[in-house]
>>> print(open('my_file-v3.txt').read())   # compact mmCIF, C-alpha atoms
# COMPACT_ATOMS: atom_id res chain seq x y z
CA ALA I 1 5.78 2.58 -15.10
CA GLN I 2 7.45 3.68 -11.94
CA SER I 3 9.83 1.61 -9.89
CA VAL I 4 10.51 2.10 -6.21
CA THR I 5 13.64 0.79 -4.56
CA GLN I 6 13.99 0.29 -0.85
CA LEU I 7 17.66 -0.46 -0.48
CA ASP I 8 17.49 -2.29 2.84
CA SER I 9 15.20 -5.26 3.37
CA GLN I 10 15.94 -5.33 7.10
CA VAL I 11 17.28 -2.70 9.49
CA PRO I 12 18.18 -3.68 13.06
CA VAL I 13 18.60 -0.79 15.47
CA LEU I 14 18.88 -0.28 19.20
CA GLU I 15 16.13 1.49 21.11
CA GLU I 16 16.61 5.29 21.31
CA ALA I 17 19.05 5.27 18.37
CA PRO I 18 18.33 7.24 15.19
CA VAL I 19 17.25 5.44 12.05
CA GLU I 20 17.01 6.17 8.33
CA LEU I 21 15.09 3.99 5.89
CA ARG I 22 16.03 4.65 2.31
CA CYS I 23 13.76 4.97 -0.69
CA ASN I 24 14.61 5.83 -4.28
CA TYR I 25 12.27 5.99 -7.22
CA SER I 26 12.67 6.18 -10.95
CA SER I 27 10.75 8.94 -12.58
CA SER I 28 11.06 11.65 -15.15
CA VAL I 29 7.67 13.10 -14.25
CA SER I 30 6.22 14.68 -11.15
CA VAL I 31 5.19 12.33 -8.41
CA TYR I 32 3.53 12.20 -5.05
CA LEU I 33 5.39 10.23 -2.39
CA PHE I 34 4.19 8.27 0.62
CA TRP I 35 5.45 6.15 3.48
CA TYR I 36 3.23 3.49 4.99
CA VAL I 37 3.78 1.33 8.08
CA GLN I 38 2.51 -2.19 8.57
CA TYR I 39 2.44 -3.72 12.03
CA PRO I 40 2.31 -7.51 12.26
CA ASN I 41 -0.92 -9.01 10.96
CA GLN I 42 -2.38 -5.61 10.20
CA GLY I 43 -3.08 -3.50 7.14
CA LEU I 44 -1.02 -0.54 5.97
CA GLN I 45 -1.28 2.78 7.76
CA LEU I 46 -0.22 6.10 6.26
CA LEU I 47 2.80 7.63 8.03
CA LEU I 48 3.32 10.70 5.89
CA LYS I 49 3.06 12.03 2.37
CA TYR I 50 4.68 14.58 0.11
CA LEU I 51 2.42 16.27 -2.41
CA SER I 52 4.05 19.69 -2.86
CA GLY I 53 5.64 22.55 -0.91
CA SER I 54 8.29 22.04 1.76
CA THR I 55 10.55 19.11 0.99
CA LEU I 56 10.70 18.10 4.67
CA VAL I 57 7.52 16.33 5.65
CA LYS I 58 6.56 15.42 9.20
CA GLY I 59 4.32 12.46 9.90
CA ILE I 60 2.87 10.52 12.79
CA ASN I 61 4.85 8.89 15.60
CA GLY I 62 7.79 11.31 15.23
CA PHE I 63 8.78 10.23 11.73
CA GLU I 64 9.83 12.63 9.00
CA ALA I 65 10.98 12.32 5.41
CA GLU I 66 12.81 14.55 2.99
CA PHE I 67 12.02 14.74 -0.70
CA ASN I 68 15.10 15.18 -2.86
CA LYS I 69 14.10 15.67 -6.46
CA SER I 70 17.63 15.70 -7.89
CA GLN I 71 18.43 12.37 -6.24
CA THR I 72 14.89 10.99 -6.70
CA SER I 73 14.87 9.96 -3.06
CA PHE I 74 12.43 10.12 -0.19
CA HIS I 75 14.24 8.75 2.87
CA LEU I 76 12.38 8.22 6.14
CA ARG I 77 14.01 9.24 9.42
CA LYS I 78 13.36 9.17 13.14
CA PRO I 79 15.82 10.65 15.65
CA SER I 80 15.05 8.17 18.44
CA VAL I 81 13.20 4.90 17.87
CA HIS I 82 11.09 2.90 20.30
CA ILE I 83 10.38 -0.80 20.57
CA SER I 84 6.87 -0.03 19.31
CA ASP I 85 8.32 1.18 15.99
CA THR I 86 9.14 -2.41 15.07
CA ALA I 87 7.19 -2.94 11.86
CA GLU I 88 7.57 -3.09 8.11
CA TYR I 89 7.75 0.21 6.24
CA PHE I 90 6.76 0.73 2.63
CA CYS I 91 7.62 3.60 0.36
CA ALA I 92 5.11 4.34 -2.40
CA VAL I 93 5.01 6.60 -5.42
CA MET I 94 2.05 7.95 -7.34
CA ASP I 95 2.39 9.47 -10.79
CA ILE I 96 0.43 12.72 -10.63
CA TYR I 97 -0.91 12.07 -14.12
CA ASN I 98 -2.19 8.63 -13.15
CA PHE I 99 -3.96 8.93 -9.84
CA ASN I 100 -5.09 5.38 -9.68
CA LYS I 101 -1.80 3.59 -9.55
CA PHE I 102 0.51 3.41 -6.61
CA TYR I 103 3.89 1.78 -6.98
CA PHE I 104 5.17 0.22 -3.79
CA GLY I 105 8.68 -0.64 -2.76
CA SER I 106 9.43 -4.13 -1.49
CA GLY I 107 9.44 -2.97 2.13
CA THR I 108 11.98 -2.53 4.94
CA LYS I 109 11.58 -4.43 8.19
CA LEU I 110 12.64 -2.27 11.10
CA ASN I 111 13.58 -4.31 14.15
CA VAL I 112 14.12 -2.22 17.27
CA LYS I 113 16.01 -4.02 20.00
CA PRO I 114 16.24 -3.10 23.68
CA ASN B 1 -15.15 2.89 13.03
CA ALA B 2 -15.02 4.26 9.51
CA GLY B 3 -12.73 2.51 7.12
CA VAL B 4 -12.30 -0.45 4.82
CA THR B 5 -13.69 -3.82 5.88
CA GLN B 6 -12.51 -7.07 4.33
CA THR B 7 -13.98 -10.52 4.75
CA PRO B 8 -12.92 -13.18 5.43
CA LYS B 9 -9.72 -12.60 7.40
CA PHE B 10 -8.39 -16.09 6.77
CA GLN B 11 -9.21 -18.75 4.18
CA VAL B 12 -7.78 -22.08 3.09
CA LEU B 13 -8.76 -23.36 -0.35
CA LYS B 14 -8.00 -26.48 -2.31
CA THR B 15 -6.55 -26.13 -5.78
CA GLY B 16 -9.36 -25.54 -8.26
CA GLN B 17 -11.87 -24.18 -5.75
CA SER B 18 -13.42 -20.78 -6.22
CA MET B 19 -14.11 -18.02 -3.75
CA THR B 20 -14.91 -14.33 -3.51
CA LEU B 21 -13.14 -11.86 -1.26
CA GLN B 22 -15.40 -9.07 -0.11
CA CYS B 23 -14.47 -5.45 0.51
CA ALA B 24 -16.59 -2.52 1.64
CA GLN B 25 -15.74 1.08 2.52
CA ASP B 26 -17.89 3.64 4.28
CA MET B 27 -15.91 6.79 3.48
CA ASN B 28 -17.73 7.57 0.22
CA HIS B 29 -14.49 7.09 -1.70
CA ASN B 30 -14.64 6.91 -5.47
CA SER B 31 -11.71 4.59 -6.15
CA MET B 32 -11.11 1.09 -4.84
CA TYR B 33 -8.23 -1.34 -5.31
CA TRP B 34 -7.15 -4.91 -4.76
CA TYR B 35 -3.50 -5.68 -3.97
CA ARG B 36 -1.64 -8.83 -3.13
CA GLN B 37 1.34 -8.85 -0.80
CA ASP B 38 4.06 -11.45 -1.10
CA PRO B 39 7.31 -11.62 0.91
CA GLY B 40 10.04 -9.42 -0.57
CA MET B 41 7.80 -8.11 -3.34
CA GLY B 42 5.86 -5.35 -1.67
CA LEU B 43 2.29 -4.82 -2.82
CA ARG B 44 1.24 -5.50 -6.38
CA LEU B 45 -1.94 -4.13 -7.90
CA ILE B 46 -4.37 -6.77 -9.15
CA TYR B 47 -7.36 -4.68 -10.26
CA TYR B 48 -8.75 -1.29 -9.52
CA SER B 49 -11.98 0.62 -9.95
CA ALA B 50 -11.61 4.35 -10.52
CA SER B 51 -15.30 4.94 -10.03
CA GLU B 52 -18.55 3.07 -9.70
CA GLY B 53 -19.20 1.07 -12.85
CA THR B 54 -15.60 0.87 -14.05
CA THR B 55 -12.83 -1.64 -13.47
CA ASP B 56 -9.31 -1.93 -14.90
CA LYS B 57 -6.45 -4.39 -14.77
CA GLY B 58 -3.44 -3.73 -12.66
CA GLU B 59 -0.02 -5.33 -12.67
CA VAL B 60 -1.03 -8.95 -11.91
CA PRO B 61 -4.66 -9.56 -13.02
CA ASN B 62 -4.37 -13.12 -14.35
CA GLY B 63 -6.52 -15.61 -12.47
CA TYR B 64 -8.74 -12.96 -10.90
CA ASN B 65 -11.97 -11.13 -11.66
CA VAL B 66 -13.56 -8.19 -9.90
CA SER B 67 -16.95 -6.58 -9.50
CA ARG B 68 -17.69 -3.04 -8.40
CA LEU B 69 -21.12 -3.79 -7.02
CA ASN B 70 -21.83 -0.21 -5.97
CA LYS B 71 -19.85 2.72 -4.67
CA ARG B 72 -19.18 0.97 -1.35
CA GLU B 73 -18.31 -2.55 -2.42
CA PHE B 74 -15.56 -4.06 -4.56
CA SER B 75 -15.16 -7.85 -4.65
CA LEU B 76 -12.32 -10.03 -5.90
CA ARG B 77 -13.05 -13.50 -7.26
CA LEU B 78 -10.75 -16.44 -7.78
CA GLU B 79 -12.48 -18.78 -10.23
CA SER B 80 -10.04 -21.66 -9.94
CA ALA B 81 -7.56 -21.18 -7.15
CA ALA B 82 -3.91 -22.12 -7.65
CA PRO B 83 -1.08 -22.45 -5.09
CA SER B 84 0.58 -19.39 -6.71
CA GLN B 85 -2.34 -17.36 -5.42
CA THR B 86 -1.39 -18.02 -1.82
CA SER B 87 -0.88 -14.51 -0.53
CA VAL B 88 -2.22 -11.77 1.67
CA TYR B 89 -4.82 -9.70 -0.14
CA PHE B 90 -5.49 -6.07 0.70
CA CYS B 91 -8.36 -3.92 -0.39
CA ALA B 92 -7.90 -0.16 -0.38
CA SER B 93 -9.91 2.91 -1.22
CA SER B 94 -9.11 6.48 -2.18
CA GLU B 95 -11.10 9.58 -2.90
CA ALA B 96 -8.65 10.61 -5.61
CA LEU B 97 -10.07 11.74 -8.91
CA PRO B 98 -8.21 13.69 -11.60
CA GLY B 99 -8.73 17.38 -11.17
CA GLN B 100 -9.62 17.21 -7.49
CA GLY B 101 -7.63 18.79 -4.72
CA VAL B 102 -4.55 16.90 -3.70
CA SER B 103 -4.70 17.21 0.07
CA ASN B 104 -6.26 13.85 0.72
CA TYR B 105 -4.49 11.62 -1.75
CA GLY B 106 -3.40 8.35 -0.32
CA TYR B 107 -5.05 5.04 0.37
CA THR B 108 -6.99 3.65 3.28
CA PHE B 109 -6.30 -0.07 3.60
CA GLY B 110 -8.32 -2.91 4.98
CA SER B 111 -6.73 -5.33 7.44
CA GLY B 112 -6.18 -8.02 4.82
CA THR B 113 -7.25 -11.54 3.92
CA ARG B 114 -4.69 -14.27 4.39
CA LEU B 115 -5.35 -16.90 1.70
CA THR B 116 -3.67 -20.27 1.47
CA VAL B 117 -4.22 -22.53 -1.53
CA VAL B 118 -3.19 -26.14 -0.99
>>> encode(input="my_file-v3.txt", output="structure tokens")
Amino acid sequence: AQSVTQLDSQVPVLEEAPVELRCNYSSSVSVYLFWYVQYPNQGLQLLLKYLSGSTLVKGINGFEAEFNKSQTSFHLRKPSVHISDTAEYFCAVMDIYNFNKFYFGSGTKLNVKP
Amino acid sequence: NAGVTQTPKFQVLKTGQSMTLQCAQDMNHNSMYWYRQDPGMGLRLIYYSASEGTTDKGEVPNGYNVSRLNKREFSLRLESAAPSQTSVYFCASSEALPGQGVSNYGYTFGSGTRLTVV
């Protein structure tokens, strides 16, 4: 089974500052990687995904993530955050040989302050 | 709007009561899933259905049963609710099947059911 580690449970940041949310996974096999966002009292919404090709993936709302196979990481970045980015962010991994199981990290709460 | 619909949105149960959480998707997806979300633990898979007519256990299946009624609907049943089952439950669907193209992998989530067992 996979494990997904989100190193920071909470990240406070000032509006318009850059942010990086970290995600590492344990795997010796090929994986697909995802970031989801959850706004308060809502379901999860897909931000971006890495399936193959370029290791830099761009998603919605100005977010991007870089897949680093040697470091088994998939960190999420945004160069300038807004108040509206305040939410919880989940990293998820799918084993390409087992399409029906996602493994989620424990989540990182991003709190953007004015 | 197309997507995954869960009912009810909120529920309070007494210990020992039973209930069924309903989930329906209108995207013609093959696979459906039930997750629970608890603070600091992310989402944990309870059961999933890779296709109509099949169901399999996930990471935390104890105390739950599921039914894949048809391609659209996947229900989760608590036969005898316990306080440890207080959680937020999410249903999700995916069109992923082995051997298919990868461009659309990922889940579509419902908005969740907040369940409290007292």
>>> atom_distance(input="my_file-v3.txt", atom1="atom CA of Gln2 of chain I", atom2="atom CA of Val57 of chain I")
21.7 Å
>>> atom_distance(input="my_file-v3.txt", atom1="atom CA of Asp8 of chain I", atom2="atom CA of Leu48 of chain I")
19.5 Å
>>> residues_around(input="my_file-v3.txt", residues="segment 40-45 of chain B", least_positions_apart="4", cutoff="8 Å", atoms="all atoms listed in the file", output="ChimeraX atom specification")
/I:9,90,101,103-107 /B:33-36,58-61
>>> interface_residues(input="my_file-v3.txt", of="chain I", to="chain B", cutoff="12 Å", atoms="all atoms listed in the file", output="ChimeraX atom specification")
/I:1-10,31-53,88-109
>>> residues_around(input="my_file-v3.txt", residues="Leu115 of chain B", least_positions_apart="6", cutoff="9 Å", atoms="only C-alpha atoms", output="short mmCIF file (atom, residue, chain, number, x, y, z; two decimals) with C-alpha atoms, keeping the file's coordinate frame")
data_model
loop_
_atom_site.label_atom_id
_atom_site.label_comp_id
_atom_site.auth_asym_id
_atom_site.auth_seq_id
_atom_site.Cartn_x
_atom_site.Cartn_y
_atom_site.Cartn_z
CA LYS B 9 -9.72 -12.60 7.40
CA PHE B 10 -8.39 -16.09 6.77
CA GLN B 11 -9.21 -18.75 4.18
CA VAL B 12 -7.78 -22.08 3.09
CA LEU B 13 -8.76 -23.36 -0.35
CA GLN B 85 -2.34 -17.36 -5.42
CA THR B 86 -1.39 -18.02 -1.82
CA SER B 87 -0.88 -14.51 -0.53
CA VAL B 88 -2.22 -11.77 1.67
CA TYR B 89 -4.82 -9.70 -0.14
#
>>> residues_around(input="my_file-v3.txt", residues="Gly63 of chain B", least_positions_apart="4", cutoff="9 Å", atoms="all atoms listed in the file", output="list in words")
Arg77, Leu78, Glu79, Ser80, Ala81, Ala82 and Gln85 of chain B
>>> atom_distance(input="my_file-v3.txt", atom1="atom CA of Thr54 of chain B", atom2="atom CA of Cys23 of chain B")
15.9 Å
>>> residues_around(input="my_file-v3.txt", residues="Phe63 of chain I", least_positions_apart="5", cutoff="7 Å", atoms="only C-alpha atoms", output="PyMOL selection string")
chain I and resi 58+76-78
>>> write_last_selection(input="my_file-v3.txt", atoms="C-alpha atoms", output="short mmCIF file (atom, residue, chain, number, x, y, z; two decimals), in the frame of the given file")
data_model
loop_
_atom_site.label_atom_id
_atom_site.label_comp_id
_atom_site.auth_asym_id
_atom_site.auth_seq_id
_atom_site.Cartn_x
_atom_site.Cartn_y
_atom_site.Cartn_z
CA LYS I 58 6.56 15.42 9.20
CA LEU I 76 12.38 8.22 6.14
CA ARG I 77 14.01 9.24 9.42
CA LYS I 78 13.36 9.17 13.14
#
>>> closest_residue(input="my_file-v3.txt", among="B:Arg72, B:Thr116, B:Ile46, B:Asn65", to="Thr5 of chain B", atoms="all atoms listed in the file")
B:Arg72
>>> closest_residue(input="my_file-v3.txt", among="B:Ser67, B:Gln25, B:Thr15, B:Thr20", to="Pro83 of chain B", atoms="only C-alpha atoms")
B:Thr15
>>> closest_residue(input="my_file-v3.txt", among="B:Val118, B:Ser51, B:Gln22, B:Thr7", to="Ser75 of chain B", atoms="all atoms listed in the file")
B:Gln22
>>> axis_aligned_box(input="my_file-v3.txt", around="segment 9-19 of chain B", padding_each_side="4 Å", output="lines of an AutoDock Vina configuration file")
center_x = -10.3
center_y = -19.5
center_z = -0.4
size_x = 15.6
size_y = 21.9
size_z = 23.7
>>> build_atoms(input="my_file-v3.txt", residues="segment 1-20 of chain I", atoms="N, CA, C and O atoms", output="CSV table (one decimal), in the coordinates of the input")
chain,number,residue,atom,x,y,z
I,1,ALA,N,6.1,2.9,-16.5
I,1,ALA,CA,5.8,2.6,-15.1
I,1,ALA,C,6.9,3.0,-14.2
I,1,ALA,O,8.1,3.1,-14.5
I,2,GLN,N,6.5,3.3,-13.0
I,2,GLN,CA,7.4,3.7,-11.9
I,2,GLN,C,8.1,2.4,-11.4
I,2,GLN,O,7.6,1.3,-11.4
I,3,SER,N,9.3,2.6,-10.7
I,3,SER,CA,9.8,1.6,-9.9
I,3,SER,C,10.3,2.3,-8.6
I,3,SER,O,10.8,3.4,-8.6
I,4,VAL,N,10.1,1.6,-7.5
I,4,VAL,CA,10.5,2.1,-6.2
I,4,VAL,C,11.5,1.1,-5.6
I,4,VAL,O,11.2,-0.1,-5.5
I,5,THR,N,12.6,1.6,-5.1
I,5,THR,CA,13.6,0.8,-4.6
I,5,THR,C,13.9,1.1,-3.1
I,5,THR,O,14.2,2.3,-2.8
I,6,GLN,N,13.6,0.2,-2.3
I,6,GLN,CA,14.0,0.3,-0.8
I,6,GLN,C,15.3,-0.5,-0.7
I,6,GLN,O,15.2,-1.8,-0.8
I,7,LEU,N,16.3,0.1,-0.4
I,7,LEU,CA,17.7,-0.5,-0.5
I,7,LEU,C,17.9,-1.5,0.6
I,7,LEU,O,18.8,-2.4,0.4
I,8,ASP,N,17.2,-1.4,1.7
I,8,ASP,CA,17.5,-2.3,2.8
I,8,ASP,C,16.2,-3.1,3.1
I,8,ASP,O,15.2,-2.6,3.4
I,9,SER,N,16.4,-4.4,3.1
I,9,SER,CA,15.2,-5.3,3.4
I,9,SER,C,15.0,-5.4,4.9
I,9,SER,O,13.8,-5.5,5.3
I,10,GLN,N,16.1,-5.3,5.6
I,10,GLN,CA,15.9,-5.3,7.1
I,10,GLN,C,16.9,-4.3,7.7
I,10,GLN,O,18.0,-4.2,7.3
I,11,VAL,N,16.4,-3.7,8.8
I,11,VAL,CA,17.3,-2.7,9.5
I,11,VAL,C,17.1,-3.0,11.0
I,11,VAL,O,16.1,-2.7,11.6
I,12,PRO,N,18.2,-3.5,11.6
I,12,PRO,CA,18.2,-3.7,13.1
I,12,PRO,C,18.7,-2.4,13.7
I,12,PRO,O,19.7,-1.8,13.2
I,13,VAL,N,18.1,-2.0,14.8
I,13,VAL,CA,18.6,-0.8,15.5
I,13,VAL,C,18.3,-0.9,17.0
I,13,VAL,O,17.3,-1.6,17.4
I,14,LEU,N,19.1,-0.3,17.8
I,14,LEU,CA,18.9,-0.3,19.2
I,14,LEU,C,17.9,0.8,19.6
I,14,LEU,O,17.8,1.9,18.9
I,15,GLU,N,17.1,0.5,20.6
I,15,GLU,CA,16.1,1.5,21.1
I,15,GLU,C,16.8,2.8,21.4
I,15,GLU,O,18.0,2.8,21.9
I,16,GLU,N,16.2,3.9,21.1
I,16,GLU,CA,16.6,5.3,21.3
I,16,GLU,C,17.7,5.7,20.3
I,16,GLU,O,18.1,6.9,20.3
I,17,ALA,N,18.1,4.9,19.4
I,17,ALA,CA,19.0,5.3,18.4
I,17,ALA,C,18.3,5.9,17.2
I,17,ALA,O,17.1,5.6,17.0
I,18,PRO,N,19.0,6.7,16.4
I,18,PRO,CA,18.3,7.2,15.2
I,18,PRO,C,18.3,6.2,14.1
I,18,PRO,O,19.1,5.2,14.1
I,19,VAL,N,17.4,6.4,13.2
I,19,VAL,CA,17.2,5.4,12.0
I,19,VAL,C,16.9,6.2,10.8
I,19,VAL,O,16.2,7.2,10.8
I,20,GLU,N,17.4,5.7,9.6
I,20,GLU,CA,17.0,6.2,8.3
I,20,GLU,C,16.7,5.0,7.4
I,20,GLU,O,17.5,4.1,7.3
